[in-house]
Structure formats: C-alpha cells, structure tokens
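Asker: Coordinates in coords37.pdb, PDB, N, CA and C atoms, are listed below.
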```pdb
MODEL        1
ATOM      1  N   MET A   1      23.886 -13.469  -3.634  1.00  0.00           N
ATOM      2  CA  MET A   1      22.705 -13.221  -2.829  1.00  0.00           C
ATOM      3  C   MET A   1      22.184 -14.561  -2.308  1.00  0.00           C
ATOM      4  N   SER A   2      21.996 -14.656  -1.013  1.00  0.00           N
ATOM      5  CA  SER A   2      21.524 -15.904  -0.426  1.00  0.00           C
ATOM      6  C   SER A   2      20.040 -16.097  -0.712  1.00  0.00           C
ATOM      7  N   MET A   3      19.566 -17.330  -0.479  1.00  0.00           N
ATOM      8  CA  MET A   3      18.153 -17.634  -0.700  1.00  0.00           C
ATOM      9  C   MET A   3      17.283 -16.762   0.202  1.00  0.00           C
ATOM     10  N   ARG A   4      17.705 -16.580   1.433  1.00  0.00           N
ATOM     11  CA  ARG A   4      16.933 -15.762   2.381  1.00  0.00           C
ATOM     12  C   ARG A   4      16.855 -14.312   1.899  1.00  0.00           C
ATOM     13  N   THR A   5      17.953 -13.767   1.417  1.00  0.00           N
ATOM     14  CA  THR A   5      17.964 -12.401   0.909  1.00  0.00           C
ATOM     15  C   THR A   5      17.070 -12.281  -0.316  1.00  0.00           C
ATOM     16  N   ALA A   6      17.131 -13.262  -1.197  1.00  0.00           N
ATOM     17  CA  ALA A   6      16.290 -13.253  -2.393  1.00  0.00           C
ATOM     18  C   ALA A   6      14.816 -13.261  -2.012  1.00  0.00           C
ATOM     19  N   GLU A   7      14.461 -14.011  -0.982  1.00  0.00           N
ATOM     20  CA  GLU A   7      13.059 -14.060  -0.542  1.00  0.00           C
ATOM     21  C   GLU A   7      12.603 -12.708  -0.016  1.00  0.00           C
ATOM     22  N   LEU A   8      13.481 -11.986   0.649  1.00  0.00           N
ATOM     23  CA  LEU A   8      13.119 -10.687   1.197  1.00  0.00           C
ATOM     24  C   LEU A   8      12.900  -9.649   0.103  1.00  0.00           C
ATOM     25  N   HIS A   9      13.566  -9.799  -1.026  1.00  0.00           N
ATOM     26  CA  HIS A   9      13.477  -8.813  -2.092  1.00  0.00           C
ATOM     27  C   HIS A   9      12.505  -9.202  -3.196  1.00  0.00           C
ATOM     28  N   ARG A  10      11.852 -10.325  -3.067  1.00  0.00           N
ATOM     29  CA  ARG A  10      10.890 -10.748  -4.072  1.00  0.00           C
ATOM     30  C   ARG A  10       9.662  -9.852  -3.994  1.00  0.00           C
ATOM     31  N   PRO A  11       9.218  -9.277  -5.112  1.00  0.00           N
ATOM     32  CA  PRO A  11       8.051  -8.395  -5.063  1.00  0.00           C
ATOM     33  C   PRO A  11       6.807  -9.159  -4.618  1.00  0.00           C
ATOM     34  N   THR A  12       6.003  -8.489  -3.852  1.00  0.00           N
ATOM     35  CA  THR A  12       4.747  -9.067  -3.393  1.00  0.00           C
ATOM     36  C   THR A  12       3.636  -8.571  -4.300  1.00  0.00           C
ATOM     37  N   ARG A  13       2.784  -9.475  -4.719  1.00  0.00           N
ATOM     38  CA  ARG A  13       1.642  -9.057  -5.528  1.00  0.00           C
ATOM     39  C   ARG A  13       0.536  -8.613  -4.580  1.00  0.00           C
ATOM     40  N   PHE A  14      -0.074  -7.523  -4.924  1.00  0.00           N
ATOM     41  CA  PHE A  14      -1.189  -7.044  -4.122  1.00  0.00           C
ATOM     42  C   PHE A  14      -2.436  -7.780  -4.582  1.00  0.00           C
ATOM     43  N   LYS A  15      -3.229  -8.164  -3.631  1.00  0.00           N
ATOM     44  CA  LYS A  15      -4.462  -8.877  -3.950  1.00  0.00           C
ATOM     45  C   LYS A  15      -5.639  -8.099  -3.404  1.00  0.00           C
ATOM     46  N   ARG A  16      -6.748  -8.234  -4.056  1.00  0.00           N
ATOM     47  CA  ARG A  16      -7.949  -7.560  -3.605  1.00  0.00           C
ATOM     48  C   ARG A  16      -8.687  -8.509  -2.680  1.00  0.00           C
ATOM     49  N   GLY A  17      -8.933  -8.061  -1.492  1.00  0.00           N
ATOM     50  CA  GLY A  17      -9.631  -8.876  -0.516  1.00  0.00           C
ATOM     51  C   GLY A  17     -11.122  -8.893  -0.769  1.00  0.00           C
ATOM     52  N   ALA A  18     -11.798  -9.808  -0.107  1.00  0.00           N
ATOM     53  CA  ALA A  18     -13.249  -9.904  -0.239  1.00  0.00           C
ATOM     54  C   ALA A  18     -13.907  -8.645   0.332  1.00  0.00           C
ATOM     55  N   ARG A  19     -13.339  -8.151   1.433  1.00  0.00           N
ATOM     56  CA  ARG A  19     -13.844  -6.913   2.047  1.00  0.00           C
ATOM     57  C   ARG A  19     -13.070  -5.749   1.473  1.00  0.00           C
ATOM     58  N   ARG A  20     -13.755  -4.865   0.803  1.00  0.00           N
ATOM     59  CA  ARG A  20     -13.086  -3.734   0.179  1.00  0.00           C
ATOM     60  C   ARG A  20     -13.448  -2.461   0.920  1.00  0.00           C
ATOM     61  N   ALA A  21     -12.423  -1.692   1.256  1.00  0.00           N
ATOM     62  CA  ALA A  21     -12.638  -0.434   1.958  1.00  0.00           C
ATOM     63  C   ALA A  21     -13.121   0.631   0.977  1.00  0.00           C
ATOM     64  N   SER A  22     -13.793   1.637   1.506  1.00  0.00           N
ATOM     65  CA  SER A  22     -14.279   2.721   0.668  1.00  0.00           C
ATOM     66  C   SER A  22     -13.117   3.618   0.245  1.00  0.00           C
ATOM     67  N   VAL A  23     -13.366   4.419  -0.766  1.00  0.00           N
ATOM     68  CA  VAL A  23     -12.372   5.378  -1.241  1.00  0.00           C
ATOM     69  C   VAL A  23     -11.948   6.285  -0.092  1.00  0.00           C
ATOM     70  N   GLU A  24     -12.905   6.749   0.688  1.00  0.00           N
ATOM     71  CA  GLU A  24     -12.609   7.664   1.780  1.00  0.00           C
ATOM     72  C   GLU A  24     -11.713   7.023   2.840  1.00  0.00           C
ATOM     73  N   VAL A  25     -11.996   5.789   3.185  1.00  0.00           N
ATOM     74  CA  VAL A  25     -11.174   5.069   4.172  1.00  0.00           C
ATOM     75  C   VAL A  25      -9.763   4.872   3.625  1.00  0.00           C
ATOM     76  N   LEU A  26      -9.659   4.524   2.371  1.00  0.00           N
ATOM     77  CA  LEU A  26      -8.348   4.297   1.760  1.00  0.00           C
ATOM     78  C   LEU A  26      -7.556   5.598   1.628  1.00  0.00           C
ATOM     79  N   MET A  27      -8.230   6.708   1.357  1.00  0.00           N
ATOM     80  CA  MET A  27      -7.540   7.997   1.297  1.00  0.00           C
ATOM     81  C   MET A  27      -6.968   8.354   2.667  1.00  0.00           C
ATOM     82  N   GLU A  28      -7.747   8.118   3.708  1.00  0.00           N
ATOM     83  CA  GLU A  28      -7.271   8.399   5.063  1.00  0.00           C
ATOM     84  C   GLU A  28      -6.105   7.483   5.419  1.00  0.00           C
ATOM     85  N   ARG A  29      -6.208   6.219   5.072  1.00  0.00           N
ATOM     86  CA  ARG A  29      -5.132   5.259   5.352  1.00  0.00           C
ATOM     87  C   ARG A  29      -3.845   5.671   4.640  1.00  0.00           C
ATOM     88  N   THR A  30      -3.958   6.078   3.390  1.00  0.00           N
ATOM     89  CA  THR A  30      -2.796   6.516   2.628  1.00  0.00           C
ATOM     90  C   THR A  30      -2.153   7.738   3.285  1.00  0.00           C
ATOM     91  N   SER A  31      -2.980   8.679   3.717  1.00  0.00           N
ATOM     92  CA  SER A  31      -2.462   9.878   4.388  1.00  0.00           C
ATOM     93  C   SER A  31      -1.759   9.520   5.693  1.00  0.00           C
ATOM     94  N   GLU A  32      -2.353   8.615   6.464  1.00  0.00           N
ATOM     95  CA  GLU A  32      -1.740   8.186   7.729  1.00  0.00           C
ATOM     96  C   GLU A  32      -0.374   7.539   7.486  1.00  0.00           C
ATOM     97  N   LEU A  33      -0.301   6.700   6.481  1.00  0.00           N
ATOM     98  CA  LEU A  33       0.960   6.025   6.175  1.00  0.00           C
ATOM     99  C   LEU A  33       2.019   7.008   5.680  1.00  0.00           C
ATOM    100  N   ALA A  34       1.604   8.012   4.907  1.00  0.00           N
ATOM    101  CA  ALA A  34       2.552   9.027   4.440  1.00  0.00           C
ATOM    102  C   ALA A  34       3.073   9.854   5.622  1.00  0.00           C
ATOM    103  N   ARG A  35       2.185  10.220   6.546  1.00  0.00           N
ATOM    104  CA  ARG A  35       2.616  10.950   7.744  1.00  0.00           C
ATOM    105  C   ARG A  35       3.558  10.087   8.583  1.00  0.00           C
ATOM    106  N   ALA A  36       3.234   8.807   8.711  1.00  0.00           N
ATOM    107  CA  ALA A  36       4.082   7.896   9.477  1.00  0.00           C
ATOM    108  C   ALA A  36       5.461   7.790   8.828  1.00  0.00           C
ATOM    109  N   ARG A  37       5.505   7.778   7.507  1.00  0.00           N
ATOM    110  CA  ARG A  37       6.780   7.690   6.799  1.00  0.00           C
ATOM    111  C   ARG A  37       7.633   8.924   7.073  1.00  0.00           C
ATOM    112  N   GLN A  38       7.005  10.096   7.040  1.00  0.00           N
ATOM    113  CA  GLN A  38       7.738  11.328   7.346  1.00  0.00           C
ATOM    114  C   GLN A  38       8.292  11.280   8.769  1.00  0.00           C
ATOM    115  N   ASP A  39       7.479  10.777   9.690  1.00  0.00           N
ATOM    116  CA  ASP A  39       7.909  10.658  11.076  1.00  0.00           C
ATOM    117  C   ASP A  39       9.082   9.672  11.198  1.00  0.00           C
ATOM    118  N   LEU A  40       8.989   8.547  10.509  1.00  0.00           N
ATOM    119  CA  LEU A  40      10.072   7.567  10.530  1.00  0.00           C
ATOM    120  C   LEU A  40      11.374   8.191  10.021  1.00  0.00           C
ATOM    121  N   ARG A  41      11.281   8.938   8.954  1.00  0.00           N
ATOM    122  CA  ARG A  41      12.476   9.575   8.390  1.00  0.00           C
ATOM    123  C   ARG A  41      13.055  10.616   9.350  1.00  0.00           C
ATOM    124  N   GLN A  42      12.174  11.403   9.977  1.00  0.00           N
ATOM    125  CA  GLN A  42      12.640  12.415  10.930  1.00  0.00           C
ATOM    126  C   GLN A  42      13.368  11.785  12.107  1.00  0.00           C
ATOM    127  N   ARG A  43      12.866  10.631  12.555  1.00  0.00           N
ATOM    128  CA  ARG A  43      13.468   9.957  13.701  1.00  0.00           C
ATOM    129  C   ARG A  43      14.674   9.108  13.322  1.00  0.00           C
ATOM    130  N   GLY A  44      14.980   9.054  12.044  1.00  0.00           N
ATOM    131  CA  GLY A  44      16.130   8.268  11.603  1.00  0.00           C
ATOM    132  C   GLY A  44      15.900   6.768  11.728  1.00  0.00           C
ATOM    133  N   ALA A  45      14.679   6.334  11.420  1.00  0.00           N
ATOM    134  CA  ALA A  45      14.326   4.913  11.519  1.00  0.00           C
ATOM    135  C   ALA A  45      15.184   4.076  10.581  1.00  0.00           C
ATOM    136  N   GLY A  46      15.313   2.815  10.909  1.00  0.00           N
ATOM    137  CA  GLY A  46      16.105   1.893  10.108  1.00  0.00           C
ATOM    138  C   GLY A  46      15.425   1.523   8.804  1.00  0.00           C
ATOM    139  N   SER A  47      16.198   0.883   7.963  1.00  0.00           N
ATOM    140  CA  SER A  47      15.684   0.522   6.637  1.00  0.00           C
ATOM    141  C   SER A  47      14.535  -0.476   6.702  1.00  0.00           C
ATOM    142  N   ALA A  48      14.530  -1.359   7.683  1.00  0.00           N
ATOM    143  CA  ALA A  48      13.452  -2.350   7.786  1.00  0.00           C
ATOM    144  C   ALA A  48      12.119  -1.662   8.070  1.00  0.00           C
ATOM    145  N   ALA A  49      12.117  -0.694   8.978  1.00  0.00           N
ATOM    146  CA  ALA A  49      10.883   0.026   9.308  1.00  0.00           C
ATOM    147  C   ALA A  49      10.398   0.837   8.111  1.00  0.00           C
ATOM    148  N   LEU A  50      11.327   1.483   7.420  1.00  0.00           N
ATOM    149  CA  LEU A  50      10.953   2.250   6.236  1.00  0.00           C
ATOM    150  C   LEU A  50      10.413   1.346   5.133  1.00  0.00           C
ATOM    151  N   GLU A  51      10.994   0.180   4.982  1.00  0.00           N
ATOM    152  CA  GLU A  51      10.528  -0.759   3.951  1.00  0.00           C
ATOM    153  C   GLU A  51       9.122  -1.273   4.273  1.00  0.00           C
ATOM    154  N   ARG A  52       8.873  -1.594   5.533  1.00  0.00           N
ATOM    155  CA  ARG A  52       7.519  -2.035   5.912  1.00  0.00           C
ATOM    156  C   ARG A  52       6.500  -0.933   5.604  1.00  0.00           C
ATOM    157  N   ASN A  53       6.863   0.291   5.928  1.00  0.00           N
ATOM    158  CA  ASN A  53       5.973   1.416   5.653  1.00  0.00           C
ATOM    159  C   ASN A  53       5.791   1.591   4.150  1.00  0.00           C
ATOM    160  N   ARG A  54       6.867   1.468   3.391  1.00  0.00           N
ATOM    161  CA  ARG A  54       6.784   1.628   1.935  1.00  0.00           C
ATOM    162  C   ARG A  54       5.836   0.618   1.315  1.00  0.00           C
ATOM    163  N   VAL A  55       5.946  -0.624   1.750  1.00  0.00           N
ATOM    164  CA  VAL A  55       5.082  -1.677   1.213  1.00  0.00           C
ATOM    165  C   VAL A  55       3.621  -1.420   1.606  1.00  0.00           C
ATOM    166  N   SER A  56       3.398  -1.032   2.848  1.00  0.00           N
ATOM    167  CA  SER A  56       2.033  -0.724   3.305  1.00  0.00           C
ATOM    168  C   SER A  56       1.456   0.446   2.524  1.00  0.00           C
ATOM    169  N   LEU A  57       2.268   1.469   2.308  1.00  0.00           N
ATOM    170  CA  LEU A  57       1.818   2.642   1.562  1.00  0.00           C
ATOM    171  C   LEU A  57       1.516   2.281   0.109  1.00  0.00           C
ATOM    172  N   ALA A  58       2.376   1.503  -0.510  1.00  0.00           N
ATOM    173  CA  ALA A  58       2.144   1.083  -1.895  1.00  0.00           C
ATOM    174  C   ALA A  58       0.873   0.250  -2.005  1.00  0.00           C
ATOM    175  N   ARG A  59       0.650  -0.634  -1.044  1.00  0.00           N
ATOM    176  CA  ARG A  59      -0.568  -1.461  -1.049  1.00  0.00           C
ATOM    177  C   ARG A  59      -1.804  -0.585  -0.908  1.00  0.00           C
ATOM    178  N   ALA A  60      -1.762   0.372   0.007  1.00  0.00           N
ATOM    179  CA  ALA A  60      -2.902   1.266   0.211  1.00  0.00           C
ATOM    180  C   ALA A  60      -3.170   2.095  -1.048  1.00  0.00           C
ATOM    181  N   GLN A  61      -2.119   2.566  -1.700  1.00  0.00           N
ATOM    182  CA  GLN A  61      -2.287   3.337  -2.935  1.00  0.00           C
ATOM    183  C   GLN A  61      -2.859   2.468  -4.050  1.00  0.00           C
ATOM    184  N   TRP A  62      -2.417   1.229  -4.120  1.00  0.00           N
ATOM    185  CA  TRP A  62      -2.934   0.290  -5.126  1.00  0.00           C
ATOM    186  C   TRP A  62      -4.427   0.048  -4.896  1.00  0.00           C
ATOM    187  N   GLN A  63      -4.789  -0.193  -3.634  1.00  0.00           N
ATOM    188  CA  GLN A  63      -6.193  -0.414  -3.304  1.00  0.00           C
ATOM    189  C   GLN A  63      -7.032   0.821  -3.608  1.00  0.00           C
ATOM    190  N   LEU A  64      -6.489   1.999  -3.285  1.00  0.00           N
ATOM    191  CA  LEU A  64      -7.196   3.245  -3.560  1.00  0.00           C
ATOM    192  C   LEU A  64      -7.418   3.428  -5.055  1.00  0.00           C
ATOM    193  N   SER A  65      -6.408   3.174  -5.844  1.00  0.00           N
ATOM    194  CA  SER A  65      -6.565   3.349  -7.293  1.00  0.00           C
ATOM    195  C   SER A  65      -7.637   2.415  -7.841  1.00  0.00           C
ATOM    196  N   HIS A  66      -7.686   1.197  -7.361  1.00  0.00           N
ATOM    197  CA  HIS A  66      -8.711   0.262  -7.838  1.00  0.00           C
ATOM    198  C   HIS A  66     -10.100   0.631  -7.324  1.00  0.00           C
ATOM    199  N   ALA A  67     -10.173   1.153  -6.114  1.00  0.00           N
ATOM    200  CA  ALA A  67     -11.466   1.613  -5.591  1.00  0.00           C
ATOM    201  C   ALA A  67     -11.980   2.795  -6.408  1.00  0.00           C
ATOM    202  N   LEU A  68     -11.081   3.697  -6.795  1.00  0.00           N
ATOM    203  CA  LEU A  68     -11.491   4.837  -7.625  1.00  0.00           C
ATOM    204  C   LEU A  68     -11.921   4.382  -9.013  1.00  0.00           C
ATOM    205  N   ILE A  69     -11.219   3.427  -9.579  1.00  0.00           N
ATOM    206  CA  ILE A  69     -11.612   2.884 -10.887  1.00  0.00           C
ATOM    207  C   ILE A  69     -13.007   2.281 -10.804  1.00  0.00           C
ATOM    208  N   GLU A  70     -13.251   1.494  -9.775  1.00  0.00           N
ATOM    209  CA  GLU A  70     -14.577   0.885  -9.622  1.00  0.00           C
ATOM    210  C   GLU A  70     -15.664   1.936  -9.452  1.00  0.00           C
ATOM    211  N   ARG A  71     -15.338   2.976  -8.698  1.00  0.00           N
ATOM    212  CA  ARG A  71     -16.342   4.016  -8.435  1.00  0.00           C
ATOM    213  C   ARG A  71     -16.707   4.779  -9.696  1.00  0.00           C
ATOM    214  N   TYR A  72     -15.719   5.115 -10.504  1.00  0.00           N
ATOM    215  CA  TYR A  72     -15.952   6.012 -11.630  1.00  0.00           C
ATOM    216  C   TYR A  72     -15.964   5.343 -12.997  1.00  0.00           C
ATOM    217  N   ARG A  73     -15.757   4.061 -13.041  1.00  0.00           N
ATOM    218  CA  ARG A  73     -15.789   3.344 -14.319  1.00  0.00           C
ATOM    219  C   ARG A  73     -17.210   3.361 -14.876  1.00  0.00           C
ATOM    220  N   PRO A  74     -17.348   3.687 -16.146  1.00  0.00           N
ATOM    221  CA  PRO A  74     -18.693   3.634 -16.741  1.00  0.00           C
ATOM    222  C   PRO A  74     -19.212   2.193 -16.721  1.00  0.00           C
ATOM    223  N   ASN A  75     -20.487   2.049 -16.587  1.00  0.00           N
ATOM    224  CA  ASN A  75     -21.083   0.705 -16.599  1.00  0.00           C
ATOM    225  C   ASN A  75     -20.863   0.055 -17.953  1.00  0.00           C
ATOM    226  N   ALA A  76     -20.509  -1.217 -17.916  1.00  0.00           N
ATOM    227  CA  ALA A  76     -20.314  -1.956 -19.165  1.00  0.00           C
ATOM    228  C   ALA A  76     -21.664  -2.200 -19.823  1.00  0.00           C
ATOM    229  N   ALA A  77     -21.691  -2.069 -21.141  1.00  0.00           N
ATOM    230  CA  ALA A  77     -22.961  -2.253 -21.868  1.00  0.00           C
ATOM    231  C   ALA A  77     -23.302  -3.705 -22.008  1.00  0.00           C
TER     232      ALA A  77
ENDMDL
END
```
Give the structure from the file, written as structure tokens.
Answerer:
Amino acid sequence: MSMRTAELHRPTRFKRGARRASVEVLMERTSELARARQDLRQRGAGSAALERNRVSLARAQWQLSHALIERYRPNAA
C-alpha cells in the first residue's frame, strides 16, 4: 500500500465544532444524506462518491448522537 493510499484510508476523527446544530437540524441532515446515498446507489455511482457520502453520513450521525446525549443527559450534581 502506497503512502497516498494509506492516507486515503486513515480514519478521520470527528470533532465537535463551536457551532452545534440542533437535534432537529441534524435529524434532517441525516435523512437527506441517507436519501442521497440511496440515489447514488440507484444511479450506480462510483466508490469515491459513495465513500464521501458514507463519511458525511457517519459524521452527521455522530453529531446527532452527541446532540441527543446533551439534550437528555441528567444534570450533573
């Protein structure tokens, strides 16, 4: 595996930005990305397009899960 190939397959860590979207916005974003993925598959999109969508979808799901945790986490004593 070349250095360039290794760089492409290195996992990206998701980071929480200073501006955090609401649960509702993130749910809509996740749904949009899932619909886009279905469309990409139907059209026979290439692996690069599917991978970009996969990473975007995973990031949106990660952000959504953390937004839900923040929303419903009991207050610390």
Asker: For the structure provided, state which residues fall under the PyMOL selection byres ((chain A and resi 64) around 8), and present them as number ranges by chain.
Answerer: A: 21-27, 58-63, 65-70
Asker: What does the structure give for the distance between atom C of Leu33 of chain A and atom N of Tyr72 of chain A, in Å to one decimal?
Answerer: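 Answer for the atom C of Leu33 of chain A to atom N of Tyr72 of chain A separation: 24.1 Å.
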Asker: Box along x, y and z, 6 Å on every side, all listed atoms of segment 24-38 of chain A inside: centre and edge lengths in Å to one decimal, as lines of an AutoDock Vina configuration file.
Answerer:
```
center_x = -2.3
center_y = 7.8
center_z = 5.1
size_x = 33.2
size_y = 19.0
size_z = 20.8
```
Asker: In the coordinates of the file, take the point (6.3, 0.3, 4.8) and a cut-off of 12 Å; then, counting only C-alpha atoms, name each qualifying protein, DNA or RNA residue as a list in words.
Answerer: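 Output of the proximity query reads Thr30, Glu32, Leu33, Ala34, Arg35, Ala36, Arg37, Gln38, Leu40, Arg41, Ala45, Gly46, Ser47, Ala48, Ala49, Leu50, Glu51, Arg52, Asn53, Arg54, Val55, Ser56, Leu57, Ala58, Arg59, Ala60 and Gln61 of chain A.
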Asker: Expressed in Å to a single decimal, how great is the separation between atom CA of Ser31 of chain A and atom CA of Arg73 of chain A?
Answerer: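 Calculated distance between atom CA of Ser31 of chain A and atom CA of Arg73 of chain A is 23.9 Å.
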